[in-house]
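Have a look at the structure below, then the notes.
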Amino acid sequence: MPEVNIEGKDGSFMVYVATPEVTPAPGIVVAQEIFGVNQVMRETCDWLAGQGFVAACPDLFWRIEPGIQLTDQSQAEWDRAFELFGLFDVDKGIEDLKTTLGMLNAHTVSNGKSGTLGYCLGGKLAYLMATRSDADANVGYYGVGLGDLLGEAGSISHPLMLHIAEKDQFSSAEEIAKVQEGLAGNDQVTVHVYEGQDHAFARKGGQHYDAASAELANQRTIEFFKQALA
């Protein structure tokens, strides 16, 4: 069932779903980057299915324009991606992720435990799912704007893992230190900082892709989810 439509509070939206060979299995809601549910997000879901998870990536831009699938290969696509980012309603996006989480948990292919995994914009949303939802575990890769969201950290009650790029062009050394300090007292939170890496170091084909750092982060992510969602 690669694409399904599910009903949310404001209407129906598309979700790309990848299912493992053996079910029931734990679920992972994948929160997109600013490029929509593109080939990279779909391949991420397929990879997670290969690791034994039911992966579902909802179209979070559907209220603006359904079916966005951009790449990072042209300036025009970057411009459109940042335009969409500016128009995006974070609170509505969290609603859609919660709806997708509920769909996964109730589905016959699920074992009833689900987490979230997000990149860039999705990394921010994964953090907010840790503070605002009952997701069983959450992982964020180079989430944007986390320094402004530390006031919600006290609401984290399930395991959260953050992968942070030391040289993230959309952050700063000061913000990264602020995030580390702000989350240091919470034993539910694990923060990994990748030395010398820039934003999107785990996006294959991207300008800042680093195979070794991506492999390490992905290995940590899979082990984390297998333990938390067993």
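Identifiers in this document derive from the order of the structure tokens: chains are assigned A, B, ..., residues are numbered from 1 separately in each chain, and ligands are numbered from 1 in order of occurrence.
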
Margin query: For the helix (DSSP H, G or I) assignment from backbone DSSP, which residues of region 89-229 of chain A qualify? Please present them as a VMD selection string.
Written below: chain A and resid 90 to 106 121 to 132 146 to 155 173 to 183 211 to 228

Next item on the list: Just the residues within 9 Å of Arg132 (chain A), please, counting only C-alpha atoms, with nothing from its chain fewer than 6 positions along; format it as a VMD selection string.
Entry: chain A and resid 94 152 155 to 156

Notebook entry, point to check: So, counting only C-alpha atoms, which residue among A:Tyr142, A:Gly185, A:Met161, A:Leu150 is closest to Gln197 (chain A)?
Noted result: A:Tyr142

Restrict the calculation to only C-alpha atoms, then for each residue of region 111-152 of chain A with any atom at most 12 Å from an atom of region 47-70 of chain A give the closest atom pair and their distance in Å to one decimal, rows by chain and rising residue number, as JSON lines.
```
{"residue": "A:Asn111", "atom": "CA", "partner": "A:Val54", "partner_atom": "CA", "distance": 9.5}
{"residue": "A:Gly112", "atom": "CA", "partner": "A:Val54", "partner_atom": "CA", "distance": 10.9}
{"residue": "A:Lys113", "atom": "CA", "partner": "A:Val54", "partner_atom": "CA", "distance": 10.4}
{"residue": "A:Ser114", "atom": "CA", "partner": "A:Val54", "partner_atom": "CA", "distance": 8.8}
{"residue": "A:Gly115", "atom": "CA", "partner": "A:Ala55", "partner_atom": "CA", "distance": 9.6}
{"residue": "A:Thr116", "atom": "CA", "partner": "A:Ala55", "partner_atom": "CA", "distance": 9.3}
{"residue": "A:Leu117", "atom": "CA", "partner": "A:Cys57", "partner_atom": "CA", "distance": 9.5}
{"residue": "A:Gly118", "atom": "CA", "partner": "A:Cys57", "partner_atom": "CA", "distance": 9.6}
{"residue": "A:Tyr119", "atom": "CA", "partner": "A:Cys57", "partner_atom": "CA", "distance": 11.7}
{"residue": "A:Leu121", "atom": "CA", "partner": "A:Leu60", "partner_atom": "CA", "distance": 10.5}
{"residue": "A:Gly122", "atom": "CA", "partner": "A:Leu60", "partner_atom": "CA", "distance": 9.7}
{"residue": "A:Leu125", "atom": "CA", "partner": "A:Leu60", "partner_atom": "CA", "distance": 10.7}
```

Limited to C-alpha atoms, could you put the picked residues into a file as a PDB file, in the first residue's frame?
```pdb
ATOM      1  CA  ASN A 111       2.179  -4.036  16.856  1.00  0.00           C
ATOM      2  CA  GLY A 112       0.582  -0.982  18.521  1.00  0.00           C
ATOM      3  CA  LYS A 113       3.827   0.880  19.218  1.00  0.00           C
ATOM      4  CA  SER A 114       4.982   3.742  17.032  1.00  0.00           C
ATOM      5  CA  GLY A 115       7.519   6.537  16.981  1.00  0.00           C
ATOM      6  CA  THR A 116       8.450   9.477  14.778  1.00  0.00           C
ATOM      7  CA  LEU A 117      11.553  10.212  12.719  1.00  0.00           C
ATOM      8  CA  GLY A 118      12.183  13.575  11.105  1.00  0.00           C
ATOM      9  CA  TYR A 119      14.773  15.508   9.125  1.00  0.00           C
ATOM     10  CA  LEU A 121      11.799  20.694   9.339  1.00  0.00           C
ATOM     11  CA  GLY A 122      10.835  17.145  10.270  1.00  0.00           C
ATOM     12  CA  LEU A 125       8.513  18.253  14.327  1.00  0.00           C
TER      13      LEU A 125
END
```

Per residue of region 128-194 of chain A within 12 Å of region 210-226 of chain A, which atom pair is closest and at what distance in Å (one decimal), using only C-alpha atoms, listed by chain and increasing number, as a Markdown table?
```
| residue | atom | partner | partner_atom | distance |
| --- | --- | --- | --- | --- |
| A:Ala135 | CA | A:Phe225 | CA | 11.6 |
| A:Asp136 | CA | A:Phe225 | CA | 9.2 |
| A:Ala137 | CA | A:Phe225 | CA | 7.0 |
| A:Asn138 | CA | A:Phe225 | CA | 8.3 |
| A:Val139 | CA | A:Thr221 | CA | 7.1 |
| A:Gly140 | CA | A:Thr221 | CA | 9.4 |
| A:Tyr141 | CA | A:Ala217 | CA | 8.6 |
| A:Tyr142 | CA | A:Ala217 | CA | 11.0 |
| A:His158 | CA | A:Phe225 | CA | 11.7 |
| A:Pro159 | CA | A:Phe224 | CA | 8.7 |
| A:Leu160 | CA | A:Phe224 | CA | 9.1 |
| A:Met161 | CA | A:Thr221 | CA | 7.8 |
| A:Leu162 | CA | A:Thr221 | CA | 9.4 |
| A:His163 | CA | A:Ala217 | CA | 6.9 |
| A:Ile164 | CA | A:Ala217 | CA | 9.7 |
| A:Ala165 | CA | A:Ser213 | CA | 9.6 |
| A:Glu166 | CA | A:Ser213 | CA | 11.6 |
| A:Gln188 | CA | A:Phe224 | CA | 11.8 |
| A:Val189 | CA | A:Phe224 | CA | 11.4 |
| A:Thr190 | CA | A:Phe224 | CA | 10.0 |
| A:Val191 | CA | A:Ala217 | CA | 11.0 |
| A:His192 | CA | A:Ala217 | CA | 8.3 |
| A:Val193 | CA | A:Ala217 | CA | 9.8 |
| A:Tyr194 | CA | A:Ser213 | CA | 6.9 |
```

Check: Hey, can you check how far CA of Glu43 (chain A) sits from CA of Thr100 (chain A)?
Finding: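 Here the two named atoms are 18.4 Å from each other.
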
Margin query: Just the number, please: distance in Å from CA of Asp46 (chain A) to CA of Lys124 (chain A), one decimal.
Written below: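 We find that CA of Asp46 (chain A) and CA of Lys124 (chain A) lie 22.1 Å from each other.
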
Checklist line | Separation of CA of Phe170 (chain A) from CA of Trp78 (chain A), in Å and rounded to one decimal | finding: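 Taking CA of Phe170 (chain A) and CA of Trp78 (chain A), their separation equals 14.1 Å.
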
Margin query: Give me, as number ranges by chain, all polymer residues having an atom no more than 7 Å from Asp198 (chain A), counting only C-alpha atoms and skipping those fewer than 2 positions away in the same chain.
Written below: A: 165-169, 196, 200-201, 208

Could you dump the residues just selected with N, CA, C and O atoms as a JSON list (two decimals), in the first residue's frame?
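Heads up, here's the output in out.json:
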```json
[["chain", "number", "residue", "atom", "x", "y", "z"],
["A", 165, "ALA", "N", 24.22, 18.44, 13.66],
["A", 165, "ALA", "CA", 25.42, 18.72, 12.87],
["A", 165, "ALA", "C", 26.18, 19.88, 13.52],
["A", 165, "ALA", "O", 25.63, 20.96, 13.72],
["A", 166, "GLU", "N", 27.44, 19.64, 13.85],
["A", 166, "GLU", "CA", 28.22, 20.64, 14.57],
["A", 166, "GLU", "C", 28.32, 21.96, 13.79],
["A", 166, "GLU", "O", 28.28, 23.05, 14.38],
["A", 167, "LYS", "N", 28.40, 21.88, 12.47],
["A", 167, "LYS", "CA", 28.58, 23.07, 11.63],
["A", 167, "LYS", "C", 27.29, 23.38, 10.84],
["A", 167, "LYS", "O", 27.35, 23.88, 9.73],
["A", 168, "ASP", "N", 26.13, 23.11, 11.43],
["A", 168, "ASP", "CA", 24.85, 23.31, 10.76],
["A", 168, "ASP", "C", 24.69, 24.77, 10.32],
["A", 168, "ASP", "O", 24.69, 25.68, 11.13],
["A", 169, "GLN", "N", 24.53, 24.96, 9.01],
["A", 169, "GLN", "CA", 24.42, 26.32, 8.47],
["A", 169, "GLN", "C", 23.12, 27.00, 8.89],
["A", 169, "GLN", "O", 23.00, 28.24, 8.77],
["A", 196, "GLY", "N", 32.20, 18.46, 12.66],
["A", 196, "GLY", "CA", 32.55, 18.92, 11.32],
["A", 196, "GLY", "C", 31.45, 18.81, 10.29],
["A", 196, "GLY", "O", 31.65, 19.21, 9.13],
["A", 200, "ALA", "N", 21.94, 18.41, 6.91],
["A", 200, "ALA", "CA", 21.58, 17.38, 5.92],
["A", 200, "ALA", "C", 22.73, 16.45, 5.57],
["A", 200, "ALA", "O", 22.82, 15.94, 4.45],
["A", 201, "PHE", "N", 23.59, 16.19, 6.54],
["A", 201, "PHE", "CA", 24.71, 15.27, 6.28],
["A", 201, "PHE", "C", 24.23, 13.84, 5.99],
["A", 201, "PHE", "O", 24.99, 13.03, 5.48],
["A", 208, "HIS", "N", 25.98, 18.17, 1.31],
["A", 208, "HIS", "CA", 26.74, 17.96, 2.54],
["A", 208, "HIS", "C", 26.67, 16.50, 3.02],
["A", 208, "HIS", "O", 27.00, 16.23, 4.18]]
```

Margin query: For the strand (DSSP E or B) assignment from backbone DSSP, which residues of chain A qualify? Please present them as JSON, numbers by chain.
Written below: {"A": [3, 4, 5, 6, 7, 12, 13, 14, 15, 16, 17, 18, 25, 26, 27, 28, 29, 30, 31, 36, 54, 55, 56, 57, 58, 69, 110, 111, 112, 113, 114, 115, 116, 117, 118, 119, 138, 139, 140, 141, 160, 161, 162, 163, 164, 165, 189, 190, 191, 192, 193, 194]}

Notebook entry, point to check: Which of these residues is nearest to Gly93 (chain A), using only C-alpha atoms: A:Pro24, A:Gly154, A:Gly143, A:Gly8?
Noted result: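 Checking each of A:Pro24, A:Gly154, A:Gly143, A:Gly8 against Gly93 (chain A), counting only C-alpha atoms, the winner is A:Gly8.
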
Item checked: Nearest to Asp10 (chain A), chosen from A:Glu95, A:Asp72, A:Glu174, A:Asp79, with only C-alpha atoms counted in the distances -> A:Glu95
